[in-house]
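Engineer: Okay, so here is final-v3.pdb, and as you'll see once you scroll down, it has PDB, C-alpha atoms.
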MODEL        1
ATOM      1  CA  MET A  25     128.163 106.841 100.656
ATOM      2  CA  LYS A  26     127.157 103.693 102.432
ATOM      3  CA  GLN A  27     127.320 100.277 100.841
ATOM      4  CA  ARG A  28     124.662  97.638 101.325
ATOM      5  CA  GLY A  29     125.984  96.640 104.736
ATOM      6  CA  LYS A  30     123.434  94.820 106.843
ATOM      7  CA  ARG A  31     121.083  94.589 103.849
ATOM      8  CA  SER A  32     123.637  92.695 101.769
ATOM      9  CA  ASN A  33     121.115  89.907 101.158
ATOM     10  CA  SER A  34     118.378  92.311 100.067
ATOM     11  CA  LYS A  35     117.329  92.659  96.449
ATOM     12  CA  LEU A  36     117.467  96.014  94.733
ATOM     13  CA  VAL A  37     114.490  96.202  92.409
ATOM     14  CA  HIS A  38     113.257  99.056  90.253
ATOM     15  CA  VAL A  39     109.683  98.620  88.999
ATOM     16  CA  SER A  40     108.213 100.402  85.993
ATOM     17  CA  PHE A  41     105.140 100.249  83.775
ATOM     18  CA  ASP A  42     107.382 101.495  80.947
ATOM     19  CA  GLU A  43     110.318  99.651  79.451
ATOM     20  CA  VAL A  44     113.684 101.088  80.496
ATOM     21  CA  GLU A  45     116.455 100.858  77.922
ATOM     22  CA  ARG A  46     119.322 102.160  80.062
ATOM     23  CA  PHE A  47     119.723 102.976  83.726
ATOM     24  CA  VAL A  48     121.435 106.265  84.513
ATOM     25  CA  PRO A  49     120.845 108.286  87.703
ATOM     26  CA  ARG A  50     118.418 111.150  87.025
ATOM     27  CA  VAL A  51     115.822 113.283  88.751
ATOM     28  CA  PRO A  52     112.456 111.490  88.317
ATOM     29  CA  LYS A  53     109.842 113.285  86.233
ATOM     30  CA  GLN A  54     107.139 112.346  88.760
ATOM     31  CA  ILE A  55     107.899 112.734  92.449
ATOM     32  CA  CYS A  56     105.904 112.830  95.672
ATOM     33  CA  PRO A  57     105.218 116.066  97.592
ATOM     34  CA  ASP A  58     108.267 117.220  99.598
ATOM     35  CA  GLU A  59     110.542 114.777  97.775
ATOM     36  CA  ASP A  60     113.997 115.900  96.614
ATOM     37  CA  ASN A  61     113.842 117.342  93.094
ATOM     38  CA  THR A  62     117.523 117.984  92.436
ATOM     39  CA  THR A  63     119.487 114.784  93.144
ATOM     40  CA  PRO A  64     120.009 112.344  90.241
ATOM     41  CA  ARG A  65     119.310 108.773  91.385
ATOM     42  CA  ILE A  66     117.788 105.420  90.469
ATOM     43  CA  CYS A  67     114.986 104.568  92.887
ATOM     44  CA  VAL A  68     114.926 100.969  94.111
ATOM     45  CA  ALA A  69     113.220  99.003  96.863
ATOM     46  CA  PRO A  70     113.770  95.638  98.582
ATOM     47  CA  ASN A  71     110.758  93.984  96.898
ATOM     48  CA  ILE A  72     108.181  94.542  94.172
ATOM     49  CA  LEU A  73     105.260  95.547  96.382
ATOM     50  CA  SER A  74     107.343  98.175  98.189
ATOM     51  CA  ALA A  75     108.633  99.495  94.869
ATOM     52  CA  ILE A  76     105.093 100.009  93.557
ATOM     53  CA  GLN A  77     103.935 101.556  96.827
ATOM     54  CA  ALA A  78     106.808 104.037  96.623
ATOM     55  CA  MET A  79     105.945 104.918  93.009
ATOM     56  CA  PRO A  80     103.810 108.067  92.537
ATOM     57  CA  GLN A  81     100.384 107.034  91.165
ATOM     58  CA  GLY A  82     101.460 103.372  90.980
ATOM     59  CA  GLY A  83      98.212 102.164  92.538
ATOM     60  CA  THR A  84      96.114 104.350  90.247
ATOM     61  CA  VAL A  85      97.818 102.935  87.165
ATOM     62  CA  ALA A  86      97.254  99.346  88.350
ATOM     63  CA  TYR A  87      93.599 100.120  89.109
ATOM     64  CA  ASN A  88      92.906 101.711  85.727
ATOM     65  CA  MET A  89      94.611  98.873  83.865
ATOM     66  CA  ALA A  90      92.499  96.329  85.722
ATOM     67  CA  ARG A  91      89.332  98.344  85.055
ATOM     68  CA  ILE A  92      89.965  98.363  81.301
ATOM     69  CA  GLY A  93      90.758  94.674  81.374
ATOM     70  CA  VAL A  94      94.393  94.732  80.258
ATOM     71  CA  PRO A  95      96.900  92.606  82.185
ATOM     72  CA  VAL A  96      98.585  94.632  84.927
ATOM     73  CA  VAL A  97     102.129  93.996  83.731
ATOM     74  CA  ILE A  98     105.134  95.474  85.471
ATOM     75  CA  HIS A  99     108.758  95.416  84.408
ATOM     76  CA  ALA A 100     110.957  94.503  87.380
ATOM     77  CA  TYR A 101     114.616  95.394  87.000
ATOM     78  CA  TYR A 102     116.937  93.707  89.490
ATOM     79  CA  ILE A 103     119.963  95.923  89.944
ATOM     80  CA  GLU A 104     123.470  95.206  91.194
ATOM     81  CA  SER A 105     125.337  98.158  92.679
ATOM     82  CA  ASP A 106     127.392  99.183  95.692
ATOM     83  CA  ALA A 107     126.708 102.910  95.182
ATOM     84  CA  ILE A 108     123.632 102.909  97.382
ATOM     85  CA  LEU A 109     122.043 105.317  99.838
ATOM     86  CA  MET A 110     119.963 103.462 102.427
ATOM     87  CA  PRO A 111     116.452 104.564 103.544
ATOM     88  CA  GLU A 112     117.770 106.223 106.710
ATOM     89  CA  GLN A 113     120.199 108.272 104.616
ATOM     90  CA  ILE A 114     117.492 109.706 102.360
ATOM     91  CA  ALA A 115     114.721 110.104 104.945
ATOM     92  CA  ASP A 116     115.126 113.893 104.837
ATOM     93  CA  LYS A 117     114.729 113.796 101.040
ATOM     94  CA  VAL A 118     111.958 111.175 100.713
ATOM     95  CA  PRO A 119     109.409 111.399 103.568
ATOM     96  CA  ASP A 120     108.262 107.766 103.315
ATOM     97  CA  ALA A 121     111.641 106.167 102.547
ATOM     98  CA  VAL A 122     111.974 104.344 105.864
ATOM     99  CA  ALA A 123     108.389 103.026 105.635
ATOM    100  CA  THR A 124     108.679 101.783 102.023
ATOM    101  CA  GLY A 125     112.335 100.781 102.170
ATOM    102  CA  GLU A 126     113.178 103.023  99.218
ATOM    103  CA  MET A 127     116.872 103.264  98.426
ATOM    104  CA  TRP A 128     118.815 105.284  95.885
ATOM    105  CA  VAL A 129     121.395 103.908  93.469
ATOM    106  CA  MET A 130     123.785 106.769  92.770
ATOM    107  CA  ALA A 131     125.783 105.418  89.817
ATOM    108  CA  VAL A 132     125.248 103.383  86.650
ATOM    109  CA  PRO A 133     124.527  99.817  87.870
ATOM    110  CA  ALA A 134     127.098  97.059  87.513
ATOM    111  CA  ALA A 135     124.384  94.770  86.137
ATOM    112  CA  VAL A 136     120.625  94.801  85.476
ATOM    113  CA  ARG A 137     118.301  91.820  84.984
ATOM    114  CA  ARG A 138     114.698  92.245  83.793
ATOM    115  CA  ILE A 139     111.724  90.062  84.704
ATOM    116  CA  ASP A 140     108.131  90.878  83.711
ATOM    117  CA  TYR A 141     105.285  90.015  86.062
ATOM    118  CA  GLU A 142     101.510  90.248  85.886
ATOM    119  CA  ILE A 143      99.759  91.459  89.025
ATOM    120  CA  VAL A 144      96.624  89.311  89.245
ATOM    121  CA  ASP A 145      93.630  90.593  91.263
ATOM    122  CA  PRO A 146      95.223  93.790  92.601
ATOM    123  CA  TYR A 147      93.713  95.232  95.782
ATOM    124  CA  VAL A 148      93.837  99.001  95.262
ATOM    125  CA  PRO A 149      91.622 100.908  97.719
ATOM    126  CA  MET A 150      91.537 104.683  97.979
ATOM    127  CA  ARG A 151      93.824 105.773 100.819
ATOM    128  CA  ILE A 152      95.480 108.899 102.180
ATOM    129  CA  ASP A 153      99.221 108.385 101.891
ATOM    130  CA  ARG A 154     101.939 109.569 104.260
ATOM    131  CA  ASN A 155     102.142 112.845 102.348
ATOM    132  CA  GLY A 156      98.426 113.563 102.843
ATOM    133  CA  THR A 157      97.533 112.783  99.218
ATOM    134  CA  ARG A 158      94.330 110.793  98.568
ATOM    135  CA  GLU A 159      94.893 108.246  95.818
ATOM    136  CA  ARG A 160      94.730 104.582  94.890
ATOM    137  CA  PHE A 161      97.201 102.446  96.829
ATOM    138  CA  LEU A 162      98.268  98.912  95.922
ATOM    139  CA  VAL A 163      97.893  97.073  99.230
ATOM    140  CA  TRP A 164      98.122  93.495  97.993
ATOM    141  CA  TYR A 165      97.332  91.181  95.086
ATOM    142  CA  GLY A 166      96.065  87.669  94.476
ATOM    143  CA  GLU A 167      99.112  86.492  92.550
ATOM    144  CA  LEU A 168     102.366  87.796  91.107
ATOM    145  CA  LYS A 169     102.784  85.759  87.923
ATOM    146  CA  ARG A 170     105.936  85.739  85.848
ATOM    147  CA  VAL A 171     105.167  86.379  82.165
ATOM    148  CA  ARG A 172     106.999  86.829  78.885
ATOM    149  CA  TYR A 173     108.326  90.287  78.038
ATOM    150  CA  GLN A 174     105.434  92.582  77.165
ATOM    151  CA  ASP A 175     104.749  96.171  76.127
ATOM    152  CA  ASN A 176     101.911  97.825  78.065
ATOM    153  CA  TRP A 177     101.146 100.215  75.204
ATOM    154  CA  ARG A 178     100.642  97.263  72.858
ATOM    155  CA  ASN A 179      98.506  95.422  75.409
ATOM    156  CA  LEU A 180      96.317  98.525  75.726
ATOM    157  CA  SER A 181      95.945  98.967  71.970
ATOM    158  CA  THR A 182      95.199  95.265  71.465
ATOM    159  CA  ARG A 183      92.450  95.456  74.091
ATOM    160  CA  THR A 184      90.814  98.628  72.792
ATOM    161  CA  ALA A 185      91.417  98.714  69.021
ATOM    162  CA  ARG A 186      88.897  97.209  66.590
ATOM    163  CA  ASN A 187      91.405  95.354  64.425
ATOM    164  CA  GLN A 188      95.121  94.738  63.911
ATOM    165  CA  LYS A 189      95.449  97.709  61.568
ATOM    166  CA  ALA A 190      94.089  99.972  64.308
ATOM    167  CA  VAL A 191      96.519  98.413  66.790
ATOM    168  CA  GLU A 192      99.479  99.267  64.590
ATOM    169  CA  TRP A 193      98.151 102.784  63.935
ATOM    170  CA  PHE A 194      97.907 103.387  67.665
ATOM    171  CA  MET A 195     101.420 102.079  68.270
ATOM    172  CA  GLU A 196     102.789 104.457  65.643
ATOM    173  CA  ASN A 197     100.810 107.449  66.963
ATOM    174  CA  LYS A 198     100.649 106.856  70.722
ATOM    175  CA  PRO A 199     101.095 109.899  73.002
ATOM    176  CA  ASP A 200     104.661 111.074  73.565
ATOM    177  CA  ILE A 201     104.407 110.527  77.312
ATOM    178  CA  SER A 202     105.069 107.629  79.626
ATOM    179  CA  TYR A 203     102.491 104.875  79.954
ATOM    180  CA  ARG A 204     102.351 105.587  83.696
ATOM    181  CA  THR A 205     101.537 109.270  83.085
ATOM    182  CA  PHE A 206      98.878 108.339  80.529
ATOM    183  CA  MET A 207      97.150 105.765  82.729
ATOM    184  CA  SER A 208      97.402 107.746  85.963
ATOM    185  CA  ASN A 209      95.379 110.586  84.410
ATOM    186  CA  MET A 210      92.406 108.416  83.455
ATOM    187  CA  ASP A 211      89.030 109.019  85.123
ATOM    188  CA  ASP A 212      85.774 107.104  84.660
ATOM    189  CA  GLU A 213      84.712 109.160  81.652
ATOM    190  CA  LEU A 214      88.011 108.633  79.888
ATOM    191  CA  LEU A 215      87.994 104.933  80.751
ATOM    192  CA  LYS A 216      84.526 104.638  79.184
ATOM    193  CA  SER A 217      85.816 106.310  76.024
ATOM    194  CA  PHE A 218      87.760 103.135  75.236
ATOM    195  CA  HIS A 219      84.376 101.465  74.538
ATOM    196  CA  VAL A 220      85.241  98.261  76.377
ATOM    197  CA  GLU A 221      83.368  96.622  79.211
ATOM    198  CA  LEU A 222      84.905  97.949  82.436
ATOM    199  CA  GLN A 223      85.861  95.296  84.953
ATOM    200  CA  GLU A 224      85.161  95.149  88.670
ATOM    201  CA  VAL A 225      88.347  95.661  90.685
ATOM    202  CA  TRP A 226      89.072  94.587  94.264
ATOM    203  CA  GLU A 227      88.918  97.774  96.321
TER     204      GLU A 227
ENDMDL
END
As a first step, turn the structure in this file into structure tokens.

Structural biologist:
Amino acid sequence: MKQRGKRSNSKLVHVSFDEVERFVPRVPKQICPDEDNTTPRICVAPNILSAIQAMPQGGTVAYNMARIGVPVVIHAYYIESDAILMPEQIADKVPDAVATGEMWVMAVPAAVRRIDYEIVDPYVPMRIDRNGTRERFLVWYGELKRVRYQDNWRNLSTRTARNQKAVEWFMENKPDISYRTFMSNMDDELLKSFHVELQEVWE
């Protein structure tokens, strides 16, 4: 296994729309076509934009959040580890690894630091990715704003529920799936079912 070597000054960041309590290498539940589905790992990238671009349905989630009018909050986890496979070492397992800079952390990290950011004015056009899949792709954003720790489920319920009692009911009965899975499966009809004014999004 190769250590950080020439990228010793690079950051290792894992980005998620869901809060992560503990980092342990595992096979991701959502992977891209032709991506390795047997090797436990923690996926990281050198910066936040690359991490989101490497995330399956990351652009779609950001787009749907912006459409509903909830803040597009991401949890960025900055990881310290020497047990790293570089993009060139996983190129046969992740087709776009070299392009996105994706790296794999192969052991429990030595340290993890969390910072939450809001992606303001995301630019998420429909594109065909390197795997031939047509989906929303986060190309850029107006601002990456550091914010207090937040829960995307609670932000969603606060935006769409009629009162605080309904917010708490939703939080107690929310679907037993990840926020990313939930939001990536929204279409226009489902978005309208929230009964909120849908926002225009830069695309």

Engineer: Apply the PyMOL selection byres ((chain A and resi 212) around 12) to the file shown and report the selected residues as a list in words.

Structural biologist: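 Selected by the PyMOL selection byres ((chain A and resi 212) around 12) here: Tyr87, Asn88, Arg91, Ile92, Met207, Ser208, Asn209, Met210, Asp211, Glu213, Leu214, Leu215, Lys216, Ser217, Phe218, His219, Leu222 and Gln223 of chain A.
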
Engineer: Any idea what the distance is between CA of Ser40 (chain A) and CA of Ala121 (chain A)?

Structural biologist: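 Computing it gives 17.9 Å between the two atoms.
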
Engineer: If you count all atoms listed in the file, which residues fall within 10 Å of Asp60 (chain A), apart from same-chain ones fewer than 6 positions away, as a list in words?

Structural biologist: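 So, after excluding close chain neighbours, the residues are Val51, Pro52, Ile114, Asp116, Lys117, Val118 and Pro119 of chain A.
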
Engineer: Kindly give the distance, in Å, that separates CA of Ile66 (chain A) and CA of Gly156 (chain A), rounded to a single decimal.

Structural biologist: 24.4 Å

Engineer: Pull the neighbourhood of (100.4, 87.5, 88.3) for me: all residues within 10 Å in file coordinates, counting all atoms listed in the file, as a compact mmCIF listing (two decimals) with C-alpha atoms, in the frame of the given file.

Structural biologist:
# COMPACT_ATOMS: atom_id res chain seq x y z
CA PRO A 95 96.90 92.61 82.18
CA VAL A 96 98.58 94.63 84.93
CA VAL A 97 102.13 94.00 83.73
CA ILE A 98 105.13 95.47 85.47
CA ASP A 140 108.13 90.88 83.71
CA TYR A 141 105.28 90.02 86.06
CA GLU A 142 101.51 90.25 85.89
CA ILE A 143 99.76 91.46 89.02
CA VAL A 144 96.62 89.31 89.24
CA ASP A 145 93.63 90.59 91.26
CA PRO A 146 95.22 93.79 92.60
CA TYR A 165 97.33 91.18 95.09
CA GLY A 166 96.06 87.67 94.48
CA GLU A 167 99.11 86.49 92.55
CA LEU A 168 102.37 87.80 91.11
CA LYS A 169 102.78 85.76 87.92
CA ARG A 170 105.94 85.74 85.85
CA VAL A 171 105.17 86.38 82.16

Engineer: Please measure the separation of CA of Val37 (chain A) and CA of Arg65 (chain A), giving the value in Å to one decimal.

Structural biologist: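 Taking CA of Val37 (chain A) and CA of Arg65 (chain A), their separation equals 13.5 Å.
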
Engineer: So, counting all atoms listed in the file, which residue among A:Glu43, A:Glu159, A:Glu112, A:Glu126 is closest to Ala69 (chain A)?

Structural biologist: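 Checking each of A:Glu43, A:Glu159, A:Glu112, A:Glu126 against Ala69 (chain A), counting all atoms listed in the file, the winner is A:Glu126.
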
Engineer: In the coordinate frame of the file, compute which residues have an atom within 12 Å of (112.3, 110.0, 100.5) when using all atoms listed in the file, and state them as JSON, numbers by chain.

Structural biologist: {"A": [55, 56, 57, 58, 59, 60, 61, 63, 65, 67, 68, 69, 78, 79, 80, 109, 110, 111, 112, 113, 114, 115, 116, 117, 118, 119, 120, 121, 122, 123, 124, 125, 126, 127, 128, 154, 155]}

Engineer: When distances are computed from all atoms listed in the file, which of A:Arg204, A:Lys35, A:Arg46, A:His99 shows the smallest separation from Thr84 (chain A)?

Structural biologist: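 Ranking A:Arg204, A:Lys35, A:Arg46, A:His99 by distance to Thr84 (chain A), first place goes to A:Arg204.
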
Engineer: Can you spell out as a PyMOL selection string the set of residues that the PyMOL selection byres ((chain A and resi 137) around 7) selects in the structure I just provided?

Structural biologist: chain A and resi 101-103+135-136+138-139

Engineer: Restricting the calculation to all atoms listed in the file: of A:Thr157, A:Asn197, A:Asn71, A:Ser105, which residue gets closest to Pro133 (chain A)?

Structural biologist: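 Distance minimum relative to Pro133 (chain A) lands on A:Ser105.
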
Engineer: Which is closest to Trp177 (chain A) among A:Gln77, A:Pro70, A:Asp153, A:Phe41, if we use only C-alpha atoms?

Structural biologist: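 Of all the options, A:Phe41 lies closest to Trp177 (chain A).
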
Engineer: Using all atoms listed in the file, pick whichever of A:Ala190, A:Thr184, A:Glu196, A:Trp164 has the shortest atom-to-atom distance to Ser74 (chain A).

Structural biologist: A:Trp164

Engineer: Is it possible to get the axis-aligned box enclosing region 144-156 of chain A (all listed atoms, 8 Å extra per side) as lines of an AutoDock Vina configuration file, with centre and edge lengths in Å rounded to one decimal?

Structural biologist:
center_x = 96.8
center_y = 101.4
center_z = 96.8
size_x = 26.6
size_y = 40.3
size_z = 31.0

Engineer: Using all atoms listed in the file, which residues sit within 8 Å of Asn176 (chain A) once same-chain residues fewer than 2 positions away are excluded, as a list in words?

Structural biologist: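 Using all atoms listed in the file, the neighbours found are Phe41, Asp42, Val97, Gln174, Arg178, Asn179, Leu180 and Tyr203 of chain A.
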
Engineer: Expanded to explicit residues, what is the PyMOL selection byres ((chain A and resi 150) around 6) for this file, as a PyMOL selection string?

Structural biologist: chain A and resi 149+151+159-160

Engineer: Mind writing the picked residues with C-alpha atoms as a PDB file, in the coordinates of the input?

Structural biologist:
ATOM      1  CA  PRO A 149      91.622 100.908  97.719  1.00  0.00           C
ATOM      2  CA  ARG A 151      93.824 105.773 100.819  1.00  0.00           C
ATOM      3  CA  GLU A 159      94.893 108.246  95.818  1.00  0.00           C
ATOM      4  CA  ARG A 160      94.730 104.582  94.890  1.00  0.00           C
TER       5      ARG A 160
END
